[in-house]
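K.L.:
Coordinates in final21.cif, mmCIF, C-alpha atoms and all ligand atoms, are listed below.
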```cif
data_target
loop_
_atom_site.label_atom_id
_atom_site.label_comp_id
_atom_site.auth_asym_id
_atom_site.auth_seq_id
_atom_site.Cartn_x
_atom_site.Cartn_y
_atom_site.Cartn_z
CA MET A 14 -12.47 13.77 -1.77
CA ILE A 15 -11.60 10.35 -0.42
CA LEU A 16 -9.82 11.90 2.61
CA SER A 17 -10.15 15.34 4.17
CA THR A 18 -8.89 16.97 7.31
CA ARG A 19 -10.11 20.22 8.80
CA SER A 20 -8.21 22.23 11.41
CA LEU A 21 -6.33 19.06 12.32
CA THR A 22 -3.99 19.80 15.23
CA LYS A 23 -1.67 17.77 17.43
CA GLN A 24 0.08 19.23 20.43
CA PHE A 25 2.68 17.48 22.55
CA GLY A 26 2.57 19.54 25.73
CA SER A 27 2.92 23.13 24.60
CA PHE A 28 4.57 22.13 21.29
CA THR A 29 2.34 22.08 18.21
CA ALA A 30 3.55 19.32 15.85
CA VAL A 31 0.56 19.52 13.46
CA ASP A 32 -1.01 22.93 13.22
CA ASP A 33 -4.52 23.54 11.90
CA VAL A 34 -4.09 21.37 8.80
CA ASP A 35 -6.74 21.34 6.08
CA LEU A 36 -5.87 18.55 3.63
CA ASP A 37 -7.93 17.24 0.72
CA VAL A 38 -6.88 14.06 -1.05
CA ALA A 39 -8.78 13.35 -4.26
CA GLU A 40 -9.69 9.76 -5.09
CA GLY A 41 -7.32 8.10 -7.56
CA THR A 42 -4.47 10.55 -7.07
CA ILE A 43 -0.88 10.32 -5.88
CA HIS A 44 -0.63 13.08 -3.28
CA SER A 45 2.70 13.84 -1.63
CA ILE A 46 3.45 15.56 1.64
CA ILE A 47 6.83 17.28 1.70
CA GLY A 48 8.61 19.45 4.24
CA PRO A 49 11.90 19.69 6.13
CA ASN A 50 12.86 17.33 8.97
CA GLY A 51 10.50 17.81 11.89
CA ALA A 52 7.82 19.50 9.76
CA GLY A 53 5.17 17.14 11.13
CA LYS A 54 4.74 14.64 8.27
CA THR A 55 4.98 11.48 10.36
CA THR A 56 2.80 12.98 13.10
CA LEU A 57 0.18 13.89 10.50
CA PHE A 58 0.19 10.28 9.23
CA ARG A 59 -0.17 9.02 12.81
CA LEU A 60 -3.25 11.22 13.24
CA LEU A 61 -4.72 9.81 10.02
CA THR A 62 -4.08 6.17 10.99
CA GLY A 63 -5.26 6.60 14.58
CA VAL A 64 -1.89 6.03 16.26
CA HIS A 65 -2.28 9.50 17.79
CA ALA A 66 -5.60 11.09 18.76
CA PRO A 67 -5.80 14.67 17.50
CA THR A 68 -5.81 17.55 19.97
CA ALA A 69 -8.39 19.22 17.71
CA GLY A 70 -9.88 18.95 14.26
CA ARG A 71 -11.58 16.48 11.99
CA VAL A 72 -10.59 13.66 9.63
CA THR A 73 -13.09 12.22 7.19
CA LEU A 74 -12.61 9.12 5.05
CA GLU A 75 -15.22 8.91 2.28
CA GLY A 76 -17.25 11.43 4.27
CA ALA A 77 -17.23 9.43 7.53
CA GLU A 78 -15.56 10.92 10.60
CA ILE A 79 -12.57 8.81 11.70
CA ALA A 80 -10.61 11.19 13.96
CA GLY A 81 -9.84 9.57 17.29
CA ARG A 82 -10.84 6.05 16.18
CA LYS A 83 -8.60 3.10 16.95
CA PRO A 84 -5.99 2.13 14.30
CA HIS A 85 -7.58 -1.27 13.50
CA SER A 86 -10.96 0.36 12.96
CA ILE A 87 -9.47 2.95 10.58
CA ALA A 88 -7.53 0.24 8.73
CA ARG A 89 -10.74 -1.79 8.32
CA LYS A 90 -12.35 1.24 6.71
CA GLY A 91 -9.60 1.16 4.08
CA LEU A 92 -7.00 3.68 5.23
CA VAL A 93 -3.84 1.56 5.47
CA GLN A 94 -0.21 2.50 5.98
CA SER A 95 2.57 0.29 4.67
CA PHE A 96 5.00 -0.47 7.50
CA GLN A 97 8.28 -2.31 7.61
CA LEU A 98 6.68 -5.64 8.41
CA THR A 99 8.95 -8.20 6.82
CA SER A 100 10.49 -8.89 10.23
CA VAL A 101 7.08 -9.89 11.60
CA PHE A 102 7.14 -13.19 9.71
CA PRO A 103 10.90 -13.84 9.59
CA ARG A 104 10.66 -17.57 8.84
CA LEU A 105 7.89 -17.40 6.27
CA SER A 106 8.55 -17.27 2.56
CA VAL A 107 7.56 -14.18 0.60
CA LEU A 108 4.49 -16.03 -0.72
CA GLU A 109 3.50 -17.32 2.73
CA SER A 110 3.83 -13.81 4.21
CA VAL A 111 1.35 -12.44 1.70
CA GLN A 112 -0.99 -15.43 2.23
CA ALA A 113 -0.89 -14.75 5.97
CA ALA A 114 -1.64 -11.05 5.42
CA ILE A 115 -4.62 -11.93 3.19
CA ILE A 116 -6.22 -14.26 5.74
CA ALA A 117 -5.23 -12.27 8.87
CA PRO A 118 -8.35 -10.03 8.82
CA THR A 119 -10.59 -13.11 8.86
CA ARG A 120 -9.04 -13.93 12.25
CA ARG A 121 -8.54 -17.59 11.40
CA PRO A 122 -5.46 -19.20 12.92
CA LEU A 123 -2.41 -18.80 10.68
CA ASP A 124 -2.16 -22.50 10.00
CA LEU A 125 0.00 -22.84 6.93
CA VAL A 126 -1.10 -26.36 6.09
CA THR A 127 -4.83 -25.71 5.94
CA ARG A 128 -6.62 -25.83 2.63
CA TYR A 129 -8.00 -22.42 3.48
CA HIS A 130 -4.51 -21.00 3.40
CA ARG A 131 -3.76 -22.64 0.05
CA SER A 132 -7.01 -21.22 -1.29
CA VAL A 133 -5.49 -17.72 -1.24
CA GLU A 134 -2.29 -18.76 -3.04
CA GLY A 135 -3.52 -17.46 -6.39
CA GLU A 136 -4.49 -14.13 -4.88
CA ALA A 137 -1.12 -13.91 -3.13
CA ARG A 138 0.80 -14.69 -6.34
CA ALA A 139 -1.20 -12.02 -8.19
CA LEU A 140 -0.27 -9.48 -5.51
CA LEU A 141 3.40 -10.45 -5.78
CA ALA A 142 3.20 -9.97 -9.55
CA ARG A 143 1.76 -6.49 -8.98
CA VAL A 144 4.80 -5.46 -6.92
CA GLY A 145 7.33 -7.30 -9.11
CA LEU A 146 8.27 -10.07 -6.67
CA GLU A 147 7.00 -13.20 -8.49
CA SER A 148 10.53 -14.48 -9.00
CA VAL A 149 11.33 -14.44 -5.25
CA ALA A 150 8.02 -15.93 -4.04
CA GLY A 151 9.83 -18.90 -2.47
CA SER A 152 12.59 -16.91 -0.76
CA GLN A 153 12.58 -16.24 2.95
CA ALA A 154 11.18 -12.74 3.50
CA ASN A 155 14.14 -11.48 5.51
CA SER A 156 16.65 -12.60 2.85
CA LEU A 157 15.39 -10.06 0.30
CA SER A 158 17.25 -6.91 -0.70
CA HIS A 159 16.22 -3.70 1.06
CA GLY A 160 14.22 -2.54 -1.97
CA ASP A 161 12.46 -5.90 -2.34
CA GLN A 162 11.60 -5.96 1.39
CA ARG A 163 9.89 -2.59 1.00
CA ALA A 164 8.02 -3.91 -2.07
CA LEU A 165 6.89 -6.87 0.07
CA ASP A 166 5.72 -4.42 2.74
CA ILE A 167 3.57 -2.75 0.08
CA ALA A 168 2.20 -6.17 -0.98
CA LEU A 169 1.33 -6.91 2.68
CA ALA A 170 -0.56 -3.60 2.88
CA LEU A 171 -2.32 -4.30 -0.43
CA ALA A 172 -3.40 -7.71 0.89
CA THR A 173 -5.85 -5.87 3.17
CA LYS A 174 -7.44 -4.21 0.09
CA PRO A 175 -6.96 -0.56 1.05
CA LYS A 176 -8.89 2.34 -0.48
CA LEU A 177 -6.08 4.71 0.43
CA LEU A 178 -2.45 3.66 0.91
CA LEU A 179 -0.12 5.73 3.10
CA LEU A 180 3.64 5.52 2.63
CA ASP A 181 5.93 7.45 5.00
CA GLU A 182 9.20 8.01 3.12
CA PRO A 183 9.03 4.84 1.01
CA THR A 184 12.48 5.39 -0.53
CA ALA A 185 14.35 6.16 2.71
CA GLY A 186 17.70 4.39 2.80
CA MET A 187 17.39 3.07 -0.76
CA SER A 188 20.04 3.07 -3.47
CA PRO A 189 19.26 5.18 -6.56
CA ALA A 190 18.27 2.02 -8.47
CA GLU A 191 15.95 0.85 -5.66
CA THR A 192 14.47 4.35 -5.42
CA GLN A 193 13.70 4.33 -9.12
CA LYS A 194 12.08 0.88 -8.87
CA THR A 195 9.94 1.91 -5.91
CA THR A 196 8.90 5.15 -7.60
CA GLN A 197 7.86 3.19 -10.67
CA LEU A 198 5.94 0.69 -8.51
CA VAL A 199 3.98 3.44 -6.74
CA SER A 200 3.19 5.12 -10.03
CA GLU A 201 2.09 1.86 -11.69
CA LEU A 202 -0.08 0.79 -8.76
CA ASN A 203 -1.91 4.09 -9.01
CA ARG A 204 -2.19 4.00 -12.80
CA THR A 205 -3.30 0.38 -13.17
CA THR A 206 -5.63 0.07 -10.18
CA GLY A 207 -6.64 3.67 -9.44
CA LEU A 208 -5.45 3.26 -5.86
CA THR A 209 -5.16 6.58 -4.01
CA ILE A 210 -1.68 6.98 -2.53
CA LEU A 211 -0.64 9.56 0.07
CA PHE A 212 3.08 9.60 0.72
CA SER A 213 5.78 11.66 2.41
CA GLU A 214 9.15 11.94 0.75
CA HIS A 215 12.45 13.78 1.00
CA ASP A 216 13.70 12.92 -2.50
CA MET A 217 12.42 15.77 -4.65
CA ASP A 218 13.01 13.89 -7.92
CA VAL A 219 10.56 11.25 -6.70
CA VAL A 220 8.03 13.90 -5.62
CA TRP A 221 8.12 15.90 -8.85
CA GLY A 222 8.11 12.74 -10.97
CA ILE A 223 4.95 11.02 -9.74
CA SER A 224 2.77 13.44 -7.71
CA HIS A 225 -0.58 14.73 -8.94
CA ARG A 226 -0.81 17.05 -5.92
CA VAL A 227 1.78 18.23 -3.41
CA SER A 228 1.21 19.68 0.07
CA VAL A 229 4.10 21.42 1.81
CA LEU A 230 4.33 21.26 5.59
CA HIS A 231 6.48 23.65 7.60
CA GLN A 232 6.47 23.73 11.39
CA GLY A 233 3.28 21.68 11.38
CA ALA A 234 1.31 23.95 9.04
CA VAL A 235 0.50 23.62 5.34
CA ILE A 236 2.27 26.52 3.63
CA ALA A 237 1.55 25.49 0.03
CA GLU A 238 -0.66 23.04 -1.85
CA GLY A 239 -1.11 22.43 -5.54
CA SER A 240 0.19 20.75 -8.65
CA VAL A 241 3.91 20.08 -9.02
CA ALA A 242 4.31 23.20 -11.18
CA GLU A 243 2.40 25.36 -8.69
CA VAL A 244 4.44 24.19 -5.71
CA GLN A 245 7.75 24.45 -7.59
CA SER A 246 7.05 28.09 -8.46
CA ASN A 247 5.96 29.02 -4.92
CA PRO A 248 8.52 31.43 -3.45
CA GLU A 249 7.64 30.51 0.15
CA VAL A 250 8.49 26.85 -0.54
CA MET A 251 11.90 27.90 -1.89
CA THR A 252 12.54 29.97 1.24
CA VAL A 253 11.65 27.08 3.55
CA TYR A 254 14.06 24.72 1.80
CA LEU A 255 16.85 27.30 1.52
CA GLY A 256 16.37 28.14 5.18
CA GLU A 257 16.89 24.50 6.07
CA GLY A 258 20.12 24.35 4.08
CA GLU A 259 18.91 21.55 1.83
CA PRO A 260 21.44 20.55 -0.84
CA LEU A 261 20.88 22.30 -4.16
CA GLU A 262 19.86 19.18 -6.05
CA LYS A 263 16.91 18.78 -3.67
CA LEU A 264 15.60 22.25 -4.39
CA PRO A 265 12.55 22.70 -6.56
CA ALA A 266 13.45 23.16 -10.25
N1 LIG B 1 5.50 11.65 20.57
C1 LIG B 1 6.06 12.87 20.49
N2 LIG B 1 6.26 13.63 21.59
C2 LIG B 1 6.81 14.85 21.51
N3 LIG B 1 7.18 15.43 20.35
C3 LIG B 1 7.02 14.73 19.23
C4 LIG B 1 6.44 13.41 19.22
N4 LIG B 1 6.41 12.98 17.95
C5 LIG B 1 6.95 13.95 17.19
N5 LIG B 1 7.30 15.01 17.95
C6 LIG B 1 7.90 16.26 17.46
O1 LIG B 1 7.03 16.79 16.47
C7 LIG B 1 7.78 17.38 15.39
C8 LIG B 1 7.36 16.76 14.10
O2 LIG B 1 7.91 15.45 14.03
P1 LIG B 1 7.60 14.46 12.82
O3 LIG B 1 8.29 13.20 13.11
O4 LIG B 1 6.14 14.43 12.58
O5 LIG B 1 8.31 15.24 11.62
P2 LIG B 1 8.61 14.72 10.15
O6 LIG B 1 8.14 15.78 9.21
O7 LIG B 1 8.07 13.36 9.96
O8 LIG B 1 10.21 14.71 10.14
P3 LIG B 1 11.22 13.75 9.30
O9 LIG B 1 11.31 14.38 7.92
O10 LIG B 1 12.51 13.88 10.02
O11 LIG B 1 10.67 12.36 9.29
C9 LIG B 1 9.25 17.20 15.76
O12 LIG B 1 9.72 18.37 16.35
C10 LIG B 1 9.23 16.04 16.74
O13 LIG B 1 10.30 16.14 17.65
MG MG B 2 8.92 11.53 9.46
#
```
Would you mind writing the structure in this file as structure tokens?
Ligand SMILES: Nc1ncnc2c1ncn2[C@@H]1O[C@H](COP(=O)(O)OP(=O)(O)OP(=O)(O)O)[C@@H](O)[C@H]1O
Ligand SMILES: [Mg+2]

P.N.:
Amino acid sequence: MILSTRSLTKQFGSFTAVDDVDLDVAEGTIHSIIGPNGAGKTTLFRLLTGVHAPTAGRVTLEGAEIAGRKPHSIARKGLVQSFQLTSVFPRLSVLESVQAAIIAPTRRPLDLVTRYHRSVEGEARALLARVGLESVAGSQANSLSHGDQRALDIALALATKPKLLLLDEPTAGMSPAETQKTTQLVSELNRTTGLTILFSEHDMDVVWGISHRVSVLHQGAVIAEGSVAEVQSNPEVMTVYLGEGEPLEKLPA
């Protein structure tokens, strides 16, 4: 397992947001975390990335304990979440944003005219090709469509060479066409590079379409885990979604 948690728990006061979670993410897989609003998905991700310290439990990345470490230390070990970052470099072009993300970990000043910066142009263009943004390399980052901005966010995360990429609801707010493009991108990244991807998602078509494993969170606890077919045929999962009044098209097949 590239990532495991054992008895991972987060309490806010007397409220338990993440409850005794045992999670195993196998290397090279696309593993999705689903569950109704408030199930604890984002809190779980924040425990993994070090934004929150757990109340109890363990997190291991490639066998090394990371629970309670600082976010930058966890990111350096290869567990990286893609955030909406395009606003961080509003005046840079798409290409320059990726160049900046590639050299940022070396802690050199972000001087765009240095030869050092130009030396990563090839690497940056290759990353843009991987996420399908070659044709907009010269555009200003904040002028891109919503879907393309999220693809750029993924490129910025990839620039740090993660071993495991976390995506918290990557298709949120996207049109059906953008959702399909993003789903395809995630699937292709995994297939062509073997990158392990852990993501949370509300769109069940996306989940069933690309996940190797699915974990279902409900009130902070994992109530089901398995292949798509196993989770779809789990009666408890059906009950949770029916109980939340999810629209029928979001129900498991
Ligand atoms: N910092 C915090 N302090 C107190 N309660 C919190 C905090 N963060 C989250 N919670 C609570 O923990 C629960 C889980 O929230 P979380 O955001 O992890 O759910 P989620 O599964 O990501 O939901 P959504 O699908 O809406 O994104 C919610 O009841 C939320 O109100
Ligand atoms: Mg959330």

K.L.:
Counting all atoms listed in the file, name the residues that have an atom within 9 Å of an atom of ligand MG 2 (chain B); the answer should be given as a PDB file with C-alpha atoms, keeping the file's coordinate frame.

P.N.:
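Here's the written file part.pdb:
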```pdb
ATOM      1  CA  ASN A  50      12.860  17.330   8.970  1.00  0.00           C
ATOM      2  CA  GLY A  51      10.500  17.810  11.890  1.00  0.00           C
ATOM      3  CA  ALA A  52       7.820  19.500   9.760  1.00  0.00           C
ATOM      4  CA  GLY A  53       5.170  17.140  11.130  1.00  0.00           C
ATOM      5  CA  LYS A  54       4.740  14.640   8.270  1.00  0.00           C
ATOM      6  CA  THR A  55       4.980  11.480  10.360  1.00  0.00           C
ATOM      7  CA  THR A  56       2.800  12.980  13.100  1.00  0.00           C
ATOM      8  CA  PHE A  58       0.190  10.280   9.230  1.00  0.00           C
ATOM      9  CA  ASP A 181       5.930   7.450   5.000  1.00  0.00           C
ATOM     10  CA  GLU A 182       9.200   8.010   3.120  1.00  0.00           C
ATOM     11  CA  SER A 213       5.780  11.660   2.410  1.00  0.00           C
ATOM     12  CA  GLU A 214       9.150  11.940   0.750  1.00  0.00           C
TER      13      GLU A 214
END
```

K.L.:
List as a PyMOL selection string the protein and nucleic acid residues lying within 12 Å of ligand LIG 1 (chain B), with only C-alpha atoms and all ligand atoms counted.

P.N.:
chain A and resi 22-32+46-60+64-66+180-183+185+212-216+229-235+257

K.L.:
Rank A:Gln97, A:Lys194, A:Ala114, A:Arg226 by their smallest atom-to-atom distance to Arg163 in chain A, using all atoms listed in the file, and report the top residue only.

P.N.:
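Among A:Gln97, A:Lys194, A:Ala114, A:Arg226, it is A:Gln97 that comes nearest to Arg163 in chain A.
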
K.L.:
How far is it from CA of Pro248 in chain A to CA of His225 in chain A, in Å with one decimal?

P.N.:
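Result for CA of Pro248 in chain A versus CA of His225 in chain A: 19.8 Å, one decimal.
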
K.L.:
Applying 12 Å and all atoms listed in the file, which residues near Gly41 in chain A remain after dropping the ones on its own chain fewer than 3 positions away? List them as a PyMOL selection string.

P.N.:
chain A and resi 14-16+38+44+176-178+200+202-211+224-226

K.L.:
Just want the 12 Å neighbourhood of range 75-78 of chain A, counted on all atoms listed in the file, with same-chain residues fewer than 3 positions away dropped. Output as a count of residues only.

P.N.:
24

K.L.:
Taking 5 positions as the minimum chain separation for residues in the same chain, which residues sit within 6 Å of range 153-155 of chain A when counting all atoms listed in the file? Answer as number ranges by chain.

P.N.:
A: 103, 105-107

K.L.:
Env of Val149 in chain A: 12 Å cut, atoms = all atoms listed in the file, seq-sep filter 6 positions within chain, self excluded. Answer as an MDAnalysis selection string.

P.N.:
chainID A and resid 106:109 138 141:142 155:158 161:162 164:165

K.L.:
Please report the interatomic distance between CA of Ala172 in chain A and CA of Arg143 in chain A in Å with one decimal.

P.N.:
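Distance between the two atoms: 11.2 Å.
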